[in-house]
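File shown: work_7.cif (mmCIF, C-alpha atoms).
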data_data
loop_
_atom_site.label_atom_id
_atom_site.label_comp_id
_atom_site.auth_asym_id
_atom_site.auth_seq_id
_atom_site.Cartn_x
_atom_site.Cartn_y
_atom_site.Cartn_z
CA MET A 6 -37.34 16.68 9.19
CA ALA A 7 -34.45 18.51 7.54
CA ASP A 8 -32.29 17.78 10.59
CA LEU A 9 -33.27 14.12 10.50
CA LYS A 10 -32.37 13.89 6.81
CA ALA A 11 -28.95 15.40 7.50
CA GLN A 12 -28.44 12.92 10.36
CA ILE A 13 -29.39 9.99 8.12
CA ILE A 14 -26.95 11.16 5.44
CA GLU A 15 -24.15 11.50 7.97
CA GLN A 16 -24.84 8.20 9.73
CA LEU A 17 -25.05 6.22 6.48
CA ASN A 18 -22.31 8.20 4.70
CA LEU A 19 -24.66 8.76 1.76
CA GLN A 20 -22.20 10.46 -0.54
CA GLU A 21 -23.65 12.72 -3.19
CA VAL A 22 -27.09 12.77 -1.54
CA ALA A 23 -28.38 16.19 -0.46
CA PRO A 24 -30.95 16.42 2.36
CA GLU A 25 -33.38 18.24 0.07
CA SER A 26 -33.19 15.44 -2.48
CA ILE A 27 -34.76 12.97 -0.04
CA GLY A 28 -38.53 13.19 -0.21
CA ASP A 29 -40.44 13.19 3.08
CA ASP A 30 -42.48 10.17 1.98
CA GLN A 31 -39.85 8.53 -0.23
CA PRO A 32 -39.42 4.86 0.74
CA LEU A 33 -36.01 4.30 2.36
CA PHE A 34 -35.59 0.60 1.67
CA THR A 35 -36.78 0.05 -1.88
CA LYS A 36 -34.80 0.37 -5.11
CA GLU A 37 -37.21 3.06 -6.26
CA GLY A 38 -36.50 4.93 -3.01
CA LEU A 39 -33.20 5.42 -1.29
CA GLY A 40 -32.19 1.77 -1.74
CA LEU A 41 -30.98 1.18 1.81
CA ASP A 42 -30.21 -2.33 3.08
CA SER A 43 -30.22 -4.31 6.33
CA ILE A 44 -26.90 -2.87 7.52
CA ASP A 45 -28.37 0.60 7.08
CA ALA A 46 -31.35 -0.49 9.18
CA LEU A 47 -28.97 -1.26 12.05
CA GLU A 48 -27.29 2.10 11.57
CA LEU A 49 -30.69 3.83 11.75
CA ILE A 50 -31.55 2.00 14.98
CA VAL A 51 -28.28 3.29 16.45
CA LEU A 52 -29.09 6.78 15.15
CA LEU A 53 -32.37 6.79 17.07
CA GLN A 54 -30.55 5.69 20.22
CA GLN A 55 -27.69 8.15 19.88
CA HIS A 56 -29.60 11.26 18.84
CA TYR A 57 -33.02 10.74 20.44
CA SER A 58 -32.44 8.15 23.20
CA ILE A 59 -35.11 5.97 21.66
CA ARG A 60 -34.82 2.20 21.77
CA ILE A 61 -37.13 0.23 19.54
CA ALA A 62 -38.84 -2.19 21.87
CA ASN A 63 -40.57 -4.28 19.23
CA PRO A 64 -38.35 -5.15 16.24
CA GLU A 65 -41.45 -6.06 14.21
CA GLU A 66 -42.29 -2.38 14.13
CA GLY A 67 -39.09 -1.71 12.20
CA PRO A 68 -40.47 -1.76 8.65
CA LYS A 69 -43.25 0.65 9.66
CA ILE A 70 -40.95 3.03 11.54
CA PHE A 71 -38.25 3.11 8.88
CA HIS A 72 -40.55 3.29 5.87
CA SER A 73 -39.74 6.94 5.16
CA VAL A 74 -38.30 10.03 6.79
CA ARG A 75 -41.83 11.12 7.73
CA THR A 76 -42.62 7.81 9.51
CA MET A 77 -39.30 8.03 11.36
CA ALA A 78 -40.03 11.63 12.37
CA THR A 79 -43.48 10.67 13.57
CA TYR A 80 -42.09 7.81 15.64
CA ILE A 81 -39.46 10.10 17.15
CA THR A 82 -42.06 12.72 18.05
CA GLU A 83 -44.29 10.10 19.67
CA ASN A 84 -41.52 8.40 21.64
CA GLN A 85 -38.88 11.01 22.36
CA THR A 86 -38.23 11.68 26.01
CA VAL A 87 -34.83 13.38 25.97
CA LYS A 88 -33.31 15.04 22.94
CA ALA A 89 -29.55 14.66 22.79
CA MET B 26 3.54 -26.17 -16.19
CA ASN B 27 4.03 -22.49 -16.95
CA ILE B 28 2.14 -19.79 -15.08
CA TYR B 29 1.54 -16.57 -16.95
CA ILE B 30 0.83 -13.05 -15.79
CA ASN B 31 -2.05 -12.26 -18.11
CA GLY B 32 -2.96 -8.90 -16.67
CA THR B 33 -1.82 -6.50 -13.98
CA GLY B 34 -3.32 -3.57 -12.13
CA CYS B 35 -1.72 -1.20 -9.70
CA ILE B 36 -2.79 1.74 -7.59
CA SER B 37 0.14 3.44 -5.94
CA PRO B 38 1.67 6.82 -5.11
CA GLN B 39 2.61 6.97 -8.81
CA GLU B 40 0.14 7.41 -11.67
CA THR B 41 -0.01 3.68 -12.23
CA ALA B 42 -3.76 3.36 -12.68
CA GLN B 43 -3.90 5.53 -15.78
CA GLY B 44 -2.16 3.20 -18.20
CA GLY B 45 0.39 4.45 -20.70
CA LEU B 46 4.14 4.07 -20.49
CA LEU B 47 5.64 2.98 -17.19
CA LEU B 48 6.55 5.99 -15.02
CA ALA B 49 6.35 8.37 -17.98
CA THR B 50 5.74 11.21 -15.54
CA PRO B 51 7.08 10.04 -12.19
CA ARG B 52 5.70 11.87 -9.20
CA GLU B 53 8.32 13.31 -6.91
CA TYR B 54 7.53 13.95 -3.29
CA GLU B 55 9.32 15.52 -0.35
CA THR B 56 7.81 13.74 2.60
CA VAL B 57 8.11 10.72 4.88
CA ARG B 58 4.67 9.38 3.97
CA LEU B 59 3.40 8.67 0.48
CA ALA B 60 -0.28 8.34 -0.39
CA THR B 61 -1.85 6.66 -3.41
CA VAL B 62 -2.92 8.60 -6.48
CA ASP B 63 -6.54 7.52 -6.57
CA PRO B 64 -8.40 6.99 -9.82
CA ASP B 65 -12.16 7.58 -10.05
CA TYR B 66 -13.38 4.47 -8.25
CA LYS B 67 -16.96 5.03 -9.39
CA GLN B 68 -16.02 3.50 -12.72
CA TRP B 69 -15.90 0.13 -10.92
CA ILE B 70 -18.00 0.54 -7.81
CA ASP B 71 -21.61 1.61 -7.40
CA VAL B 72 -22.05 4.83 -5.41
CA LYS B 73 -24.24 3.03 -2.87
CA GLN B 74 -21.50 0.49 -2.20
CA ILE B 75 -18.58 2.89 -2.29
CA ARG B 76 -19.90 4.81 0.70
CA ARG B 77 -18.97 1.95 3.04
CA MET B 78 -15.54 1.32 1.57
CA SER B 79 -12.37 2.62 3.14
CA ARG B 80 -9.41 3.62 0.98
CA VAL B 81 -7.70 0.24 1.09
CA VAL B 82 -10.87 -1.52 -0.05
CA LYS B 83 -11.31 0.91 -2.93
CA MET B 84 -7.68 0.64 -4.01
CA GLY B 85 -7.88 -3.15 -3.85
CA VAL B 86 -11.08 -3.33 -5.86
CA GLY B 87 -9.67 -0.81 -8.35
CA ALA B 88 -6.37 -2.64 -8.88
CA ALA B 89 -8.19 -5.97 -9.16
CA ASN B 90 -10.47 -4.56 -11.85
CA LEU B 91 -7.54 -3.07 -13.76
CA SER B 92 -5.84 -6.45 -13.70
CA LEU B 93 -8.91 -8.33 -14.89
CA GLU B 94 -9.55 -5.77 -17.64
CA ALA B 95 -5.96 -6.14 -18.86
CA ALA B 96 -6.37 -9.91 -18.94
CA GLY B 97 -9.75 -9.71 -20.66
CA LEU B 98 -11.39 -11.61 -17.81
CA THR B 99 -14.78 -10.94 -16.28
CA ALA B 100 -14.38 -13.30 -13.33
CA PRO B 101 -11.50 -15.43 -12.07
CA ASP B 102 -11.85 -18.92 -10.61
CA ALA B 103 -10.22 -17.85 -7.35
CA ILE B 104 -9.28 -14.66 -5.52
CA ILE B 105 -6.25 -14.55 -3.24
CA THR B 106 -5.00 -11.46 -1.47
CA GLY B 107 -2.09 -10.72 0.81
CA THR B 108 -2.14 -7.90 3.33
CA ALA B 109 -0.18 -7.31 6.50
CA TYR B 110 -2.20 -4.50 7.98
CA GLY B 111 -5.63 -5.24 6.53
CA CYS B 112 -8.33 -2.63 6.77
CA LEU B 113 -6.68 -0.42 9.35
CA ASP B 114 -8.87 2.61 8.83
CA ASP B 115 -12.09 0.79 9.72
CA THR B 116 -10.34 -0.96 12.60
CA GLY B 117 -9.38 2.48 13.92
CA VAL B 118 -12.94 3.81 13.49
CA PHE B 119 -14.44 0.81 15.28
CA LEU B 120 -11.98 0.86 18.18
CA THR B 121 -12.27 4.63 18.59
CA LYS B 122 -16.08 4.38 18.78
CA MET B 123 -15.75 1.51 21.21
CA VAL B 124 -13.69 3.66 23.57
CA ASN B 125 -15.63 6.90 23.08
CA GLN B 126 -19.05 5.27 23.48
CA GLN B 127 -18.07 2.95 26.34
CA GLU B 128 -18.77 -0.10 24.19
CA GLU B 129 -22.38 0.99 23.69
CA MET B 130 -24.33 1.61 20.47
CA LEU B 131 -21.60 0.39 18.14
CA THR B 132 -22.52 0.41 14.49
CA PRO B 133 -21.88 -2.63 12.34
CA THR B 134 -20.30 -1.07 9.27
CA ALA B 135 -16.80 -0.36 10.58
CA PHE B 136 -16.65 -3.73 12.33
CA ILE B 137 -17.70 -5.64 9.22
CA GLN B 138 -15.19 -3.74 7.08
CA SER B 139 -12.30 -4.00 9.52
CA THR B 140 -11.33 -7.61 8.84
CA HIS B 141 -8.30 -8.42 6.73
CA ASN B 142 -10.30 -10.35 4.14
CA THR B 143 -12.72 -7.50 3.44
CA VAL B 144 -11.01 -6.62 0.16
CA ALA B 145 -11.05 -10.15 -1.25
CA GLY B 146 -14.66 -10.43 -0.13
CA HIS B 147 -15.69 -7.19 -1.82
CA ILE B 148 -13.96 -8.17 -5.07
CA ALA B 149 -15.81 -11.50 -5.02
CA LEU B 150 -19.15 -9.82 -4.30
CA LEU B 151 -18.70 -7.30 -7.08
CA LEU B 152 -17.66 -9.99 -9.58
CA GLY B 153 -20.15 -12.59 -8.38
CA CYS B 154 -17.23 -14.96 -7.88
CA ASN B 155 -18.17 -17.87 -5.63
CA GLY B 156 -14.84 -19.66 -5.99
CA TYR B 157 -11.90 -20.07 -3.63
CA ASN B 158 -11.31 -16.88 -1.66
CA ASN B 159 -8.42 -16.52 0.71
CA THR B 160 -6.36 -13.80 2.35
CA PHE B 161 -2.85 -14.24 3.69
CA VAL B 162 -1.84 -12.12 6.65
CA HIS B 163 1.82 -12.99 7.06
CA ARG B 164 3.49 -9.64 7.64
CA GLY B 165 6.26 -9.16 5.05
CA PHE B 166 5.37 -12.44 3.31
CA SER B 167 1.66 -11.75 2.86
CA PHE B 168 1.88 -11.01 -0.87
CA GLU B 169 4.45 -13.73 -1.59
CA ASN B 170 2.33 -16.35 0.18
CA ALA B 171 -0.71 -15.25 -1.83
CA LEU B 172 1.37 -15.83 -4.98
CA LEU B 173 2.59 -19.21 -3.72
CA ASP B 174 -0.97 -20.29 -2.98
CA ALA B 175 -2.04 -19.20 -6.47
CA ILE B 176 0.82 -21.15 -8.05
CA MET B 177 -0.06 -24.30 -6.11
CA ILE B 178 -3.75 -24.08 -7.01
CA LEU B 179 -2.96 -23.54 -10.69
CA LYS B 180 -0.51 -26.46 -10.64
CA GLU B 181 -2.96 -28.82 -9.01
CA GLY B 182 -5.45 -27.90 -11.71
CA SER B 183 -8.37 -26.75 -9.58
CA ALA B 184 -8.40 -23.31 -11.25
CA GLN B 185 -7.52 -21.88 -14.64
CA HIS B 186 -7.48 -18.19 -13.79
CA ILE B 187 -6.57 -16.70 -10.43
CA LEU B 188 -6.62 -13.11 -9.28
CA ALA B 189 -3.81 -12.58 -6.75
CA GLY B 190 -2.59 -9.38 -5.22
CA GLY B 191 -0.99 -7.55 -2.35
CA LEU B 192 -2.20 -4.39 -0.63
CA ASP B 193 -1.71 -2.25 2.45
CA GLU B 194 -2.72 1.20 3.57
CA ILE B 195 -1.34 3.77 5.99
CA THR B 196 -3.61 5.60 8.38
CA ASN B 197 -2.81 8.41 10.77
CA HIS B 198 -2.92 5.96 13.67
CA SER B 199 -0.63 3.41 12.05
CA HIS B 200 1.78 6.04 10.82
CA GLN B 201 2.12 7.49 14.30
CA LEU B 202 2.75 4.06 15.80
CA LEU B 203 5.26 2.96 13.15
CA THR B 204 7.06 6.31 13.43
CA ARG B 205 7.56 5.62 17.14
CA PHE B 206 9.31 2.40 16.18
CA GLY B 207 11.84 4.51 14.27
CA LEU B 208 10.99 3.07 10.86
CA TYR B 209 10.88 6.38 9.05
CA LYS B 210 13.23 9.28 8.36
CA LYS B 211 13.08 12.06 10.92
CA GLU B 212 13.00 14.76 8.25
CA PRO B 213 11.14 14.86 4.93
CA VAL B 214 13.27 13.56 2.09
CA LYS B 215 13.03 14.04 -1.67
CA THR B 216 11.88 10.69 -2.99
CA MET B 217 14.23 10.68 -5.98
CA GLU B 218 17.12 11.16 -3.53
CA LEU B 219 15.88 8.59 -1.01
CA LEU B 220 18.08 5.71 -2.14
CA ASN B 221 21.25 7.76 -1.62
CA SER B 222 20.16 9.01 1.76
CA PRO B 223 22.92 8.51 4.33
CA SER B 224 20.63 8.06 7.35
CA ARG B 225 18.48 5.48 9.08
CA GLY B 226 14.78 5.04 8.34
CA THR B 227 12.78 5.14 5.15
CA ILE B 228 9.49 6.60 3.90
CA ALA B 229 6.08 5.06 4.47
CA GLY B 230 4.07 3.93 1.48
CA GLU B 231 0.90 2.17 0.51
CA GLY B 232 -0.77 0.67 -2.50
CA ALA B 233 -2.37 -2.32 -4.18
CA ALA B 234 -1.13 -4.44 -7.07
CA PHE B 235 -3.06 -7.34 -8.56
CA PHE B 236 -2.13 -10.02 -11.07
CA SER B 237 -4.37 -12.17 -13.23
CA LEU B 238 -2.51 -15.46 -13.32
CA GLY B 239 -3.32 -18.32 -15.66
CA ILE B 240 -1.98 -21.51 -17.14
CA THR B 241 -2.62 -20.31 -20.67
CA LYS B 242 -1.06 -17.32 -22.33
CA GLN B 243 -3.32 -14.47 -23.48
CA PRO B 244 -2.59 -12.18 -26.47
CA GLY B 245 -1.28 -9.40 -24.23
CA THR B 246 0.80 -11.61 -21.93
CA VAL B 247 4.45 -10.61 -21.65
CA ALA B 248 5.82 -12.54 -18.69
CA GLU B 249 5.75 -15.86 -16.99
CA LEU B 250 5.82 -16.12 -13.21
CA SER B 251 8.73 -18.56 -13.05
CA GLY B 252 9.23 -18.79 -9.31
CA VAL B 253 8.60 -17.38 -5.86
CA SER B 254 10.59 -18.08 -2.73
CA THR B 255 10.84 -16.68 0.79
CA LEU B 256 13.53 -16.72 3.46
CA TYR B 257 12.76 -15.76 7.04
CA LYS B 258 15.35 -14.19 9.34
CA PRO B 259 18.58 -15.23 7.63
CA LEU B 260 21.47 -15.26 10.10
CA TRP B 261 23.90 -13.58 7.74
CA GLU B 262 24.23 -12.42 4.13
CA GLY B 263 25.82 -15.75 3.12
CA GLU B 264 22.52 -17.47 3.85
CA VAL B 265 20.71 -15.07 1.49
CA ILE B 266 23.35 -15.59 -1.21
CA GLY B 267 23.00 -19.37 -0.87
CA HIS B 268 19.21 -19.08 -0.99
CA ILE B 269 19.34 -17.01 -4.19
CA MET B 270 21.76 -19.47 -5.82
CA LYS B 271 19.50 -22.40 -4.93
CA PHE B 272 16.42 -20.51 -6.15
CA LEU B 273 18.05 -19.74 -9.49
CA GLU B 274 19.26 -23.34 -9.81
CA ASP B 275 15.72 -24.60 -9.12
CA ASN B 276 14.59 -22.38 -11.97
CA ASN B 277 17.29 -23.65 -14.32
CA CYS B 278 19.35 -20.50 -14.45
CA THR B 279 22.41 -18.81 -12.98
CA PRO B 280 23.10 -15.21 -11.92
CA ALA B 281 24.58 -14.61 -15.39
CA ASP B 282 21.16 -15.32 -16.94
CA ILE B 283 19.51 -12.50 -15.03
CA ASP B 284 19.14 -9.41 -17.21
CA LEU B 285 17.86 -7.12 -14.49
CA ILE B 286 17.49 -7.28 -10.74
CA VAL B 287 14.75 -5.25 -9.12
CA THR B 288 15.60 -4.59 -5.49
CA GLY B 289 13.62 -3.31 -2.54
CA ARG B 290 16.17 -0.69 -1.50
CA ASN B 291 14.40 1.81 0.74
CA GLY B 292 17.06 4.38 1.66
CA ASP B 293 17.67 3.02 5.16
CA ILE B 294 21.42 2.58 5.50
CA ASP B 295 20.96 -0.42 7.77
CA HIS B 296 18.49 -2.21 5.52
CA ASP B 297 20.13 -1.44 2.17
CA GLU B 298 23.47 -2.97 3.12
CA ILE B 299 22.30 -6.47 2.22
CA TYR B 300 21.39 -5.35 -1.32
CA GLU B 301 24.94 -4.05 -1.77
CA GLU B 302 26.36 -7.35 -0.58
CA ILE B 303 24.09 -9.45 -2.79
CA ALA B 304 24.81 -7.29 -5.84
CA ALA B 305 28.56 -7.44 -5.20
CA ALA B 306 28.56 -11.20 -4.66
CA LEU B 307 26.17 -12.37 -7.38
CA PHE B 308 25.31 -9.56 -9.78
CA PRO B 309 28.34 -7.22 -10.02
CA GLU B 310 27.66 -6.36 -13.67
CA THR B 311 23.89 -6.78 -13.75
CA ALA B 312 21.67 -3.74 -14.17
CA GLU B 313 19.59 -2.90 -11.10
CA ALA B 314 16.28 -1.12 -10.75
CA SER B 315 14.60 -0.10 -7.50
CA PHE B 316 11.04 0.78 -6.58
CA LYS B 317 10.56 1.84 -2.95
CA HIS B 318 11.47 5.46 -3.66
CA LEU B 319 8.40 5.36 -5.94
CA CYS B 320 5.89 3.54 -3.73
CA GLY B 321 7.32 3.81 -0.22
CA GLU B 322 7.93 1.02 2.28
CA TYR B 323 5.12 -1.27 3.40
CA PRO B 324 4.91 -5.01 4.02
CA THR B 325 3.42 -5.87 0.62
CA ALA B 326 5.53 -3.41 -1.40
CA ALA B 327 7.02 -6.35 -3.32
CA ALA B 328 3.72 -6.45 -5.23
CA PHE B 329 4.58 -3.03 -6.66
CA GLY B 330 8.05 -4.38 -7.53
CA VAL B 331 6.57 -7.35 -9.40
CA TRP B 332 4.10 -5.07 -11.17
CA MET B 333 6.96 -2.79 -12.23
CA ALA B 334 9.10 -5.72 -13.38
CA ASN B 335 6.26 -7.02 -15.53
CA ALA B 336 5.85 -3.56 -17.09
CA ILE B 337 9.62 -3.36 -17.74
CA ILE B 338 9.46 -6.68 -19.60
CA ALA B 339 6.46 -5.38 -21.59
CA GLU B 340 8.29 -2.22 -22.61
CA GLN B 341 11.75 -3.83 -22.78
CA GLN B 342 13.30 -0.87 -21.05
CA VAL B 343 13.84 0.43 -17.56
CA PRO B 344 12.38 3.89 -16.96
CA GLU B 345 14.97 6.40 -15.81
CA ALA B 346 13.15 6.98 -12.53
CA ALA B 347 13.63 3.32 -11.60
CA VAL B 348 17.28 2.84 -12.63
CA PHE B 349 19.65 2.31 -9.74
CA PHE B 350 22.71 0.85 -11.43
CA GLY B 351 23.96 0.02 -14.92
CA LYS B 352 22.10 -0.36 -18.16
CA ALA B 353 19.81 -3.26 -18.90
CA PRO B 354 20.54 -5.22 -22.09
CA GLU B 355 18.41 -4.57 -25.16
CA GLN B 356 16.63 -7.85 -24.61
CA ILE B 357 15.27 -8.08 -21.07
CA ASN B 358 14.37 -11.71 -20.66
CA LYS B 359 14.77 -12.62 -17.02
CA VAL B 360 14.05 -10.27 -14.14
CA LEU B 361 14.73 -11.19 -10.52
CA ILE B 362 12.91 -9.23 -7.85
CA TYR B 363 14.72 -9.39 -4.51
CA ASN B 364 13.07 -7.65 -1.61
CA HIS B 365 13.24 -7.73 2.13
CA HIS B 366 10.98 -6.15 4.71
CA GLN B 367 12.68 -4.88 7.85
CA GLY B 368 15.55 -7.30 7.42
CA THR B 369 13.49 -10.29 8.48
CA HIS B 370 11.28 -11.19 5.51
CA HIS B 371 13.36 -11.82 2.37
CA SER B 372 11.67 -12.81 -0.88
CA LEU B 373 12.53 -13.65 -4.46
CA VAL B 374 10.27 -13.54 -7.50
CA LEU B 375 11.51 -14.52 -10.93
CA LEU B 376 9.78 -13.31 -14.10
CA THR B 377 10.67 -14.55 -17.55
CA ALA B 378 9.64 -12.88 -20.80
CA CYS B 379 7.41 -15.07 -22.96
#
Is it possible to give me this structure as structure tokens?
Amino acid sequence: MADLKAQIIEQLNLQEVAPESIGDDQPLFTKEGLGLDSIDALELIVLLQQHYSIRIANPEEGPKIFHSVRTMATYITENQTVKA
Amino acid sequence: MNIYINGTGCISPQETAQGGLLLATPREYETVRLATVDPDYKQWIDVKQIRRMSRVVKMGVGAANLSLEAAGLTAPDAIITGTAYGCLDDTGVFLTKMVNQQEEMLTPTAFIQSTHNTVAGHIALLLGCNGYNNTFVHRGFSFENALLDAIMILKEGSAQHILAGGLDEITNHSHQLLTRFGLYKKEPVKTMELLNSPSRGTIAGEGAAFFSLGITKQPGTVAELSGVSTLYKPLWEGEVIGHIMKFLEDNNCTPADIDLIVTGRNGDIDHDEIYEEIAAALFPETAEASFKHLCGEYPTAAAFGVWMANAIIAEQQVPEAAVFFGKAPEQINKVLIYNHHQGTHHSLVLLTAC
């Protein structure tokens, strides 16, 4: 999950955010969490494609997949076929 | 109807964002490419928003905020920007990814931020300004046309306060391309010696300057924006001289009424010749200040010139670093800014002390 956090920081250009400061279960899209927005959601979809060759087939799954770093990691583990 | 400059803000290769006396500590460079001295943008922009902003967006938002703060405004009725190059950095990022990734998996951020009106849009979003928002992309007239639009809107009465500005950035890509066109000196040059350089080419620059314009004078207002005019591709210097005479006549003055001319000399022997001819023909005794050795050459550099002229009127003296010829009178009342970009885009801006 540390690698995934670093990838998220790089993809979203989260200045002044250290990987260790993102909690595994911290919500990504709420103000209390990381405070990401819809553009970030698109960036995360691209991240999954670029780094893990995963395409999200059902967009309705998005909120569940991108809830936290842990839910993203779980989805990657369950769906990854080829690691870039 | 008079139009007043109620506040200004400038981010440039000089320390213009810090306030204080104009060019109190001028920065000297020995280079062919100047870069802005950036203030701490976090004072105006939230960290979460700043991460998506390229340099030109940040410098635009910063200069706009400085201008509004100086005018004591929280939000203008309209926002008008002028930029020739727009958000080049994000354009470069987007196009590079497009090529490298064979047009697959392109991310939205760089594309969204690459448009020319990104800066005006960001300023409006940050201020919550839902009013008129326009960006002029007219090469060397981009800033002047933004000013003209602001003047027309103020005169027709559909706005009381307008934020208008000009901005451009250099990127590695753009600098390489423009260097190939032979625009810049082949060797680094000391900026304070640029205007006496005996060779072709100039130095690249960048920056943002914004003006809070209004139809009512504020307590800190020092100058009135009396007129703006442009002349495209004059055939010979006589056409420029005639244009200046007509412009001054339209503004009820003569060359003798001008206390200071601020010219866009850039150290290129080919491009500076016209300034010599204009000075000799119309302003042989008038003091002259210059600004492109301070900010570099770029299509909206006239915005820096207007910002500097306004500051000169405020302080009633020309800083030594900006003096090109003569000594300005004790009372600096009328300042004419005459600039041209690459010999094709000639512009005049007249400021009057108020």
Answer key for the PyMOL selection byres ((chain A) within 7 of (chain B)), residues as JSON, numbers by chain: {"A": [18, 19, 20, 44, 48, 51]}
Closest of A:Asn84, A:Ser43, A:Thr79, A:Thr35 to Ile59 of chain A - atom-to-atom distances counting all atoms listed in the file: A:Asn84
Spatial neighbours of Asn63 of chain A, 12 Å, all atoms listed in the file, chain gap at least 6 places, as a PyMOL selection string: chain A and resi 50+69-70
Output check: residues returned by the PyMOL selection byres ((chain B and resi 182) around 12), as number ranges by chain: B: 26, 28, 102-103, 175-181, 183-187, 239-240
Point-to-point distance in Å for atom CA of Gly38 of chain A and atom CA of Ser26 of chain A: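 Atom CA of Gly38 of chain A lies at a distance of 11.0 Å from atom CA of Ser26 of chain A.
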Atom CA of His56 of chain A to atom CA of Asp8 of chain A, straight-line distance in Å: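 Going from atom CA of Asp8 of chain A over to atom CA of His56 of chain A, I get 10.9 Å.
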Hits of the PyMOL selection byres ((chain A and resi 85) around 10) in this structure, as a list in words: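 When the PyMOL selection byres ((chain A and resi 85) around 10) is applied, the selected residues are Leu53, His56, Tyr57, Ser58, Ile59, Arg60, Thr79, Tyr80, Ile81, Thr82, Glu83, Asn84, Thr86, Val87 and Lys88 of chain A.
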Filled-in N, CA and C atoms of segment 70-84 of chain A, supplied as a CSV table (one decimal), in the frame of the given file:
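Okay, rebuild-v5.csv is ready:
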chain,number,residue,atom,x,y,z
A,70,ILE,N,-41.7,1.8,11.1
A,70,ILE,CA,-41.0,3.0,11.5
A,70,ILE,C,-40.0,3.6,10.5
A,71,PHE,N,-39.3,2.7,9.8
A,71,PHE,CA,-38.2,3.1,8.9
A,71,PHE,C,-38.7,3.1,7.4
A,72,HIS,N,-40.0,3.2,7.2
A,72,HIS,CA,-40.6,3.3,5.9
A,72,HIS,C,-40.1,4.5,5.1
A,73,SER,N,-40.1,5.7,5.8
A,73,SER,CA,-39.7,6.9,5.2
A,73,SER,C,-39.3,7.9,6.2
A,74,VAL,N,-38.7,9.0,5.8
A,74,VAL,CA,-38.3,10.0,6.8
A,74,VAL,C,-39.5,10.5,7.6
A,75,ARG,N,-40.6,10.7,7.0
A,75,ARG,CA,-41.8,11.1,7.7
A,75,ARG,C,-42.2,10.1,8.8
A,76,THR,N,-42.2,8.8,8.5
A,76,THR,CA,-42.6,7.8,9.5
A,76,THR,C,-41.6,7.8,10.6
A,77,MET,N,-40.3,8.0,10.3
A,77,MET,CA,-39.3,8.0,11.4
A,77,MET,C,-39.5,9.2,12.3
A,78,ALA,N,-39.8,10.4,11.6
A,78,ALA,CA,-40.0,11.6,12.4
A,78,ALA,C,-41.2,11.5,13.3
A,79,THR,N,-42.3,10.9,12.8
A,79,THR,CA,-43.5,10.7,13.6
A,79,THR,C,-43.2,9.8,14.8
A,80,TYR,N,-42.4,8.7,14.6
A,80,TYR,CA,-42.1,7.8,15.6
A,80,TYR,C,-41.2,8.5,16.7
A,81,ILE,N,-40.3,9.3,16.2
A,81,ILE,CA,-39.5,10.1,17.2
A,81,ILE,C,-40.3,11.0,18.0
A,82,THR,N,-41.2,11.8,17.3
A,82,THR,CA,-42.1,12.7,18.0
A,82,THR,C,-42.9,12.0,19.1
A,83,GLU,N,-43.4,10.8,18.7
A,83,GLU,CA,-44.3,10.1,19.7
A,83,GLU,C,-43.5,9.5,20.8
A,84,ASN,N,-42.2,9.2,20.6
A,84,ASN,CA,-41.5,8.4,21.6
A,84,ASN,C,-40.4,9.1,22.3
